[in-house]
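Data file: query.csv. Format and content: CSV, C-alpha atoms.
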```csv
chain,number,residue,atom,x,y,z
V,1,MET,CA,49.9,27.8,32.0
V,2,ASP,CA,46.7,27.0,30.2
V,3,PRO,CA,45.2,23.7,31.5
V,4,ALA,CA,43.7,22.9,28.1
V,5,THR,CA,47.2,22.9,26.4
V,6,GLY,CA,49.0,21.0,29.1
V,7,PRO,CA,52.1,21.8,31.2
V,8,GLY,CA,54.7,23.9,29.4
V,9,THR,CA,52.7,24.3,26.2
V,10,ASP,CA,51.8,27.8,25.2
V,11,PRO,CA,49.2,28.5,22.5
V,12,GLY,CA,51.9,29.3,19.9
V,13,THR,CA,53.6,26.0,20.5
V,14,GLU,CA,50.3,24.2,20.4
V,15,ASP,CA,49.5,25.9,17.0
V,16,ALA,CA,52.9,24.8,15.7
V,17,LEU,CA,52.3,21.2,16.8
V,18,LEU,CA,48.9,21.1,15.3
V,19,LEU,CA,50.3,22.5,12.0
V,20,ALA,CA,53.1,20.0,12.0
V,21,ALA,CA,50.7,17.2,12.6
V,22,ALA,CA,48.4,18.4,9.8
V,23,ARG,CA,51.5,18.6,7.5
V,24,LEU,CA,52.6,15.1,8.5
V,25,VAL,CA,49.2,13.5,7.8
V,26,MET,CA,49.0,15.4,4.4
V,27,ALA,CA,52.5,14.2,3.4
V,28,VAL,CA,51.6,10.6,4.2
V,29,THR,CA,48.3,11.0,2.4
V,30,THR,CA,49.9,12.6,-0.7
V,31,ARG,CA,52.5,9.8,-0.9
V,32,ALA,CA,49.8,7.2,-0.6
V,33,ALA,CA,47.8,8.9,-3.3
V,34,ASP,CA,50.8,8.9,-5.6
V,35,GLN,CA,51.3,5.2,-5.1
V,36,VAL,CA,47.7,4.1,-6.0
V,37,GLY,CA,47.7,5.5,-9.5
V,38,ASP,CA,46.2,8.4,-11.4
V,39,LEU,CA,43.6,9.5,-8.8
V,40,SER,CA,43.6,12.9,-7.2
V,41,PRO,CA,43.3,13.3,-3.4
V,42,VAL,CA,39.7,14.6,-4.0
V,43,GLN,CA,38.8,11.5,-6.0
V,44,LEU,CA,40.2,9.3,-3.2
V,45,ARG,CA,38.3,11.4,-0.7
V,46,ALA,CA,35.1,10.7,-2.7
V,47,LEU,CA,35.8,7.0,-2.6
V,48,THR,CA,36.4,7.2,1.2
V,49,VAL,CA,33.1,9.1,1.7
V,50,LEU,CA,31.2,6.6,-0.4
V,51,ASP,CA,32.7,3.7,1.5
V,52,GLN,CA,31.5,5.3,4.7
V,53,LEU,CA,28.0,6.1,3.4
V,54,GLY,CA,27.6,2.7,1.7
V,55,THR,CA,25.1,4.0,-1.0
V,56,ALA,CA,24.5,7.6,-1.5
V,57,ASN,CA,22.8,10.0,-3.9
V,58,LEU,CA,24.5,12.9,-5.4
V,59,VAL,CA,23.2,15.4,-2.8
V,60,GLN,CA,24.4,13.2,0.1
V,61,LEU,CA,27.9,12.9,-1.5
V,62,THR,CA,28.0,16.6,-2.2
V,63,GLU,CA,27.1,17.5,1.4
V,64,ALA,CA,29.5,15.0,2.9
V,65,MET,CA,32.3,16.3,0.8
V,66,ASP,CA,31.3,19.9,1.3
V,67,VAL,CA,31.8,20.8,-2.3
V,68,THR,CA,29.4,22.1,-5.0
V,69,ALA,CA,27.0,19.9,-6.9
V,70,SER,CA,28.7,20.6,-10.2
V,71,THR,CA,32.1,19.6,-8.7
V,72,THR,CA,30.5,16.4,-7.4
V,73,SER,CA,28.8,15.6,-10.7
V,74,ARG,CA,32.1,15.9,-12.7
V,75,LEU,CA,33.9,13.9,-10.0
V,76,VAL,CA,31.4,11.1,-10.1
V,77,ASP,CA,31.5,11.1,-14.0
V,78,ARG,CA,35.3,10.5,-13.8
V,79,LEU,CA,35.0,7.8,-11.1
V,80,VAL,CA,32.3,6.0,-13.1
V,81,ALA,CA,34.4,6.2,-16.3
V,82,ALA,CA,37.3,4.6,-14.3
V,83,ASP,CA,35.0,1.8,-13.1
V,84,LEU,CA,35.5,2.8,-9.4
V,85,VAL,CA,32.0,3.9,-8.7
V,86,ASP,CA,28.7,2.4,-9.8
V,87,ARG,CA,25.9,4.9,-10.7
V,88,ARG,CA,22.4,3.6,-11.3
V,89,PRO,CA,18.8,4.7,-10.8
V,90,SER,CA,17.8,4.6,-7.2
V,91,GLU,CA,15.5,1.7,-6.2
V,92,THR,CA,13.5,4.1,-4.0
V,93,THR,CA,13.1,7.2,-6.1
V,94,ARG,CA,13.3,7.4,-9.9
V,95,ARG,CA,14.5,11.0,-9.8
V,96,GLU,CA,17.7,10.1,-7.9
V,97,ILE,CA,20.7,8.1,-8.7
V,98,ALA,CA,22.4,5.7,-6.3
V,99,LEU,CA,26.2,5.7,-6.0
V,100,ARG,CA,28.4,3.0,-4.5
V,101,LEU,CA,31.9,1.7,-4.8
V,102,THR,CA,32.6,-1.0,-7.4
V,103,GLY,CA,34.9,-3.9,-6.5
V,104,ALA,CA,37.7,-2.1,-8.2
V,105,GLY,CA,36.9,1.1,-6.2
V,106,ALA,CA,36.9,-0.8,-2.9
V,107,THR,CA,40.3,-2.4,-3.9
V,108,VAL,CA,41.9,0.9,-4.7
V,109,LEU,CA,40.5,2.4,-1.5
V,110,ALA,CA,41.8,-0.5,0.6
V,111,ARG,CA,45.3,-0.1,-0.9
V,112,TYR,CA,45.2,3.7,-0.3
V,113,ASP,CA,44.2,3.1,3.4
V,114,GLU,CA,46.9,0.4,3.8
V,115,LEU,CA,49.5,2.8,2.5
V,116,ARG,CA,48.4,5.6,4.8
V,117,VAL,CA,48.4,3.4,7.8
V,118,ALA,CA,51.8,2.1,6.9
V,119,GLY,CA,53.1,5.6,6.6
V,120,LEU,CA,51.8,6.6,9.9
V,121,ARG,CA,53.0,3.4,11.6
V,122,ASN,CA,56.5,4.1,10.2
V,123,ARG,CA,56.4,7.5,12.0
V,124,ILE,CA,55.4,6.1,15.4
V,125,ALA,CA,57.6,3.0,15.1
V,126,GLY,CA,60.6,4.8,16.5
V,127,LEU,CA,58.8,5.9,19.6
V,128,GLY,CA,59.2,4.1,22.9
V,129,SER,CA,56.2,2.0,24.0
V,130,ALA,CA,55.0,4.6,26.6
V,131,ASP,CA,55.2,7.5,24.0
V,132,ARG,CA,53.5,5.3,21.4
V,133,ALA,CA,50.7,4.5,23.8
V,134,THR,CA,50.3,8.2,24.7
V,135,VAL,CA,50.1,9.1,21.0
V,136,LEU,CA,47.6,6.4,20.2
V,137,ALA,CA,45.5,7.4,23.3
V,138,GLY,CA,45.5,11.0,22.2
V,139,LEU,CA,44.5,10.0,18.7
V,140,ALA,CA,41.6,7.9,20.0
V,141,THR,CA,40.4,10.9,22.0
V,142,LEU,CA,40.8,13.2,19.0
V,143,VAL,CA,38.8,11.1,16.6
V,144,GLY,CA,36.2,10.2,19.3
V,145,ALA,CA,35.5,7.2,21.3
V,146,GLU,CA,32.7,6.1,18.9
V,147,GLY,CA,35.0,5.5,16.0
V,148,PRO,CA,36.4,7.2,12.9
V,149,ALA,CA,35.6,10.8,12.0
V,150,ALA,CA,32.5,11.6,10.1
V,151,PRO,CA,32.7,11.5,6.3
V,152,GLY,CA,34.3,14.4,4.6
```
Take the structure in the file and give it back as structure tokens.
Amino acid sequence: MDPATGPGTDPGTEDALLLAAARLVMAVTTRAADQVGDLSPVQLRALTVLDQLGTANLVQLTEAMDVTASTTSRLVDRLVAADLVDRRPSETTRREIALRLTGAGATVLARYDELRVAGLRNRIAGLGSADRATVLAGLATLVGAEGPAAPG
């Protein structure tokens, strides 16, 4: 028995559980994305990252999303055209732009997050209170005691 995986859990089973968890979260996320309109998961991810960063320049958004600058630039163009992101010259450096969510962007993101949380809540609702507490404690450990995972 590997102490890192727990009693009765072999690495193959652990991998299968991790893959199942990833698929579950992706399914919940995809359903939520379908319900908030014509935004792709990547666009919703950009809104999430901008919400976490507050105000960002194009380089910061690119790095946080771990995509290319040209991808980020096209993505921002679409989000600005949809009035979900505000793009204006930076107050500190004229060579940079400042990106932040608009009110509409924040509203869409809040709805997306509500739908994702509801989907996950529905999955754990059928668990007994001890199992639910165990799952939530494990998730708290997974994402870190300091709070949500880093942007991206």
Next on the checklist: From the options V:Ala32, V:Leu84, V:Val42, V:Val76, which residue's atoms come nearest to Tyr112 in chain V, counting all atoms listed in the file?
Outcome noted: V:Ala32
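Interatomic distance, CA of Arg116 in chain V to CA of Ala104 in chain V: 18.5 Å.
The residue that comes closest to Leu39 in chain V, out of V:Ala20, V:Ala140, V:Leu109, V:Leu115 and on the basis of all atoms listed in the file, is V:Leu109.
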Next on the checklist: Using all atoms listed in the file for the distances, tell me which of V:Ala46, V:Leu58, V:Ile97, V:Val117 is nearest to Leu79 in chain V.
Outcome noted: V:Ala46
Checklist entry - Closest to Ser40 in chain V among V:Ala21, V:Leu120, V:Leu75, V:Leu139, using all atoms listed in the file? => result V:Leu75
Checklist entry - Which residues come within 8 Å of Leu99 in chain V, counting all atoms listed in the file, excluding same-chain residues fewer than 3 positions away, as a ChimeraX atom specification? => result /V:50,55-58,85-88
Next on the checklist: When you count all atoms listed in the file, which of these residues is closest to Thr72 in chain V: V:Gln43, V:Thr93, V:Thr134, V:Thr48?
Outcome noted: V:Gln43
Checklist outcome for this item: A straight line from CA of Leu127 in chain V to CA of Thr30 in chain V spans 23.2 Å
Some atoms are absent from range 111-140 of chain V, so rebuild N, CA and C atoms and return them as an mmCIF file, in the frame of the given file.
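Saved to out.cif:
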```cif
data_model
loop_
_atom_site.group_PDB
_atom_site.id
_atom_site.type_symbol
_atom_site.label_atom_id
_atom_site.label_comp_id
_atom_site.auth_asym_id
_atom_site.auth_seq_id
_atom_site.Cartn_x
_atom_site.Cartn_y
_atom_site.Cartn_z
ATOM 1 N N ARG V 111 43.823 -0.317 -0.716
ATOM 2 C CA ARG V 111 45.300 -0.100 -0.900
ATOM 3 C C ARG V 111 45.702 1.253 -0.422
ATOM 4 N N TYR V 112 44.928 2.282 -0.728
ATOM 5 C CA TYR V 112 45.200 3.700 -0.300
ATOM 6 C C TYR V 112 45.232 3.705 1.259
ATOM 7 N N ASP V 113 44.255 3.091 1.889
ATOM 8 C CA ASP V 113 44.200 3.100 3.400
ATOM 9 C C ASP V 113 45.399 2.311 3.938
ATOM 10 N N GLU V 114 45.769 1.183 3.315
ATOM 11 C CA GLU V 114 46.900 0.400 3.800
ATOM 12 C C GLU V 114 48.193 1.264 3.719
ATOM 13 N N LEU V 115 48.364 1.994 2.635
ATOM 14 C CA LEU V 115 49.500 2.800 2.500
ATOM 15 C C LEU V 115 49.576 3.969 3.492
ATOM 16 N N ARG V 116 48.415 4.561 3.768
ATOM 17 C CA ARG V 116 48.400 5.600 4.800
ATOM 18 C C ARG V 116 48.673 5.120 6.149
ATOM 19 N N VAL V 117 48.090 3.985 6.505
ATOM 20 C CA VAL V 117 48.400 3.400 7.800
ATOM 21 C C VAL V 117 49.837 3.034 7.943
ATOM 22 N N ALA V 118 50.408 2.446 6.895
ATOM 23 C CA ALA V 118 51.800 2.100 6.900
ATOM 24 C C ALA V 118 52.705 3.310 7.104
ATOM 25 N N GLY V 119 52.368 4.391 6.417
ATOM 26 C CA GLY V 119 53.100 5.600 6.600
ATOM 27 C C GLY V 119 53.096 6.170 7.966
ATOM 28 N N LEU V 120 51.927 6.147 8.567
ATOM 29 C CA LEU V 120 51.800 6.600 9.900
ATOM 30 C C LEU V 120 52.459 5.673 10.933
ATOM 31 N N ARG V 121 52.329 4.371 10.681
ATOM 32 C CA ARG V 121 53.000 3.400 11.600
ATOM 33 C C ARG V 121 54.513 3.592 11.529
ATOM 34 N N ASN V 122 55.049 3.893 10.345
ATOM 35 C CA ASN V 122 56.500 4.100 10.200
ATOM 36 C C ASN V 122 56.904 5.332 11.087
ATOM 37 N N ARG V 123 56.053 6.329 11.171
ATOM 38 C CA ARG V 123 56.400 7.500 12.000
ATOM 39 C C ARG V 123 56.362 7.222 13.465
ATOM 40 N N ILE V 124 55.489 6.348 13.924
ATOM 41 C CA ILE V 124 55.400 6.100 15.400
ATOM 42 C C ILE V 124 56.293 4.890 15.773
ATOM 43 N N ALA V 125 56.849 4.171 14.794
ATOM 44 C CA ALA V 125 57.600 3.000 15.100
ATOM 45 C C ALA V 125 58.851 3.262 15.956
ATOM 46 N N GLY V 126 59.427 4.425 15.779
ATOM 47 C CA GLY V 126 60.600 4.800 16.500
ATOM 48 C C GLY V 126 60.384 5.252 17.933
ATOM 49 N N LEU V 127 59.123 5.419 18.287
ATOM 50 C CA LEU V 127 58.800 5.900 19.600
ATOM 51 C C LEU V 127 58.920 4.751 20.632
ATOM 52 N N GLY V 128 59.223 5.105 21.860
ATOM 53 C CA GLY V 128 59.200 4.100 22.900
ATOM 54 C C GLY V 128 57.763 3.679 23.165
ATOM 55 N N SER V 129 57.592 2.573 23.835
ATOM 56 C CA SER V 129 56.200 2.000 24.000
ATOM 57 C C SER V 129 55.339 2.987 24.793
ATOM 58 N N ALA V 130 55.876 3.700 25.781
ATOM 59 C CA ALA V 130 55.000 4.600 26.600
ATOM 60 C C ALA V 130 54.618 5.816 25.677
ATOM 61 N N ASP V 131 55.554 6.355 24.890
ATOM 62 C CA ASP V 131 55.200 7.500 24.000
ATOM 63 C C ASP V 131 54.204 7.025 22.930
ATOM 64 N N ARG V 132 54.403 5.833 22.383
ATOM 65 C CA ARG V 132 53.500 5.300 21.400
ATOM 66 C C ARG V 132 52.087 5.153 21.952
ATOM 67 N N ALA V 133 52.001 4.628 23.158
ATOM 68 C CA ALA V 133 50.700 4.500 23.800
ATOM 69 C C ALA V 133 50.053 5.828 24.065
ATOM 70 N N THR V 134 50.846 6.817 24.435
ATOM 71 C CA THR V 134 50.300 8.200 24.700
ATOM 72 C C THR V 134 49.792 8.767 23.369
ATOM 73 N N VAL V 135 50.553 8.618 22.283
ATOM 74 C CA VAL V 135 50.100 9.100 21.000
ATOM 75 C C VAL V 135 48.824 8.472 20.546
ATOM 76 N N LEU V 136 48.771 7.157 20.640
ATOM 77 C CA LEU V 136 47.600 6.400 20.200
ATOM 78 C C LEU V 136 46.365 6.776 21.085
ATOM 79 N N ALA V 137 46.577 6.946 22.389
ATOM 80 C CA ALA V 137 45.500 7.400 23.300
ATOM 81 C C ALA V 137 44.982 8.748 22.906
ATOM 82 N N GLY V 138 45.911 9.638 22.600
ATOM 83 C CA GLY V 138 45.500 11.000 22.200
ATOM 84 C C GLY V 138 44.752 10.971 20.871
ATOM 85 N N LEU V 139 45.191 10.152 19.941
ATOM 86 C CA LEU V 139 44.500 10.000 18.700
ATOM 87 C C LEU V 139 43.077 9.470 18.868
ATOM 88 N N ALA V 140 42.963 8.480 19.742
ATOM 89 C CA ALA V 140 41.600 7.900 20.000
ATOM 90 C C ALA V 140 40.711 8.972 20.587
#
```
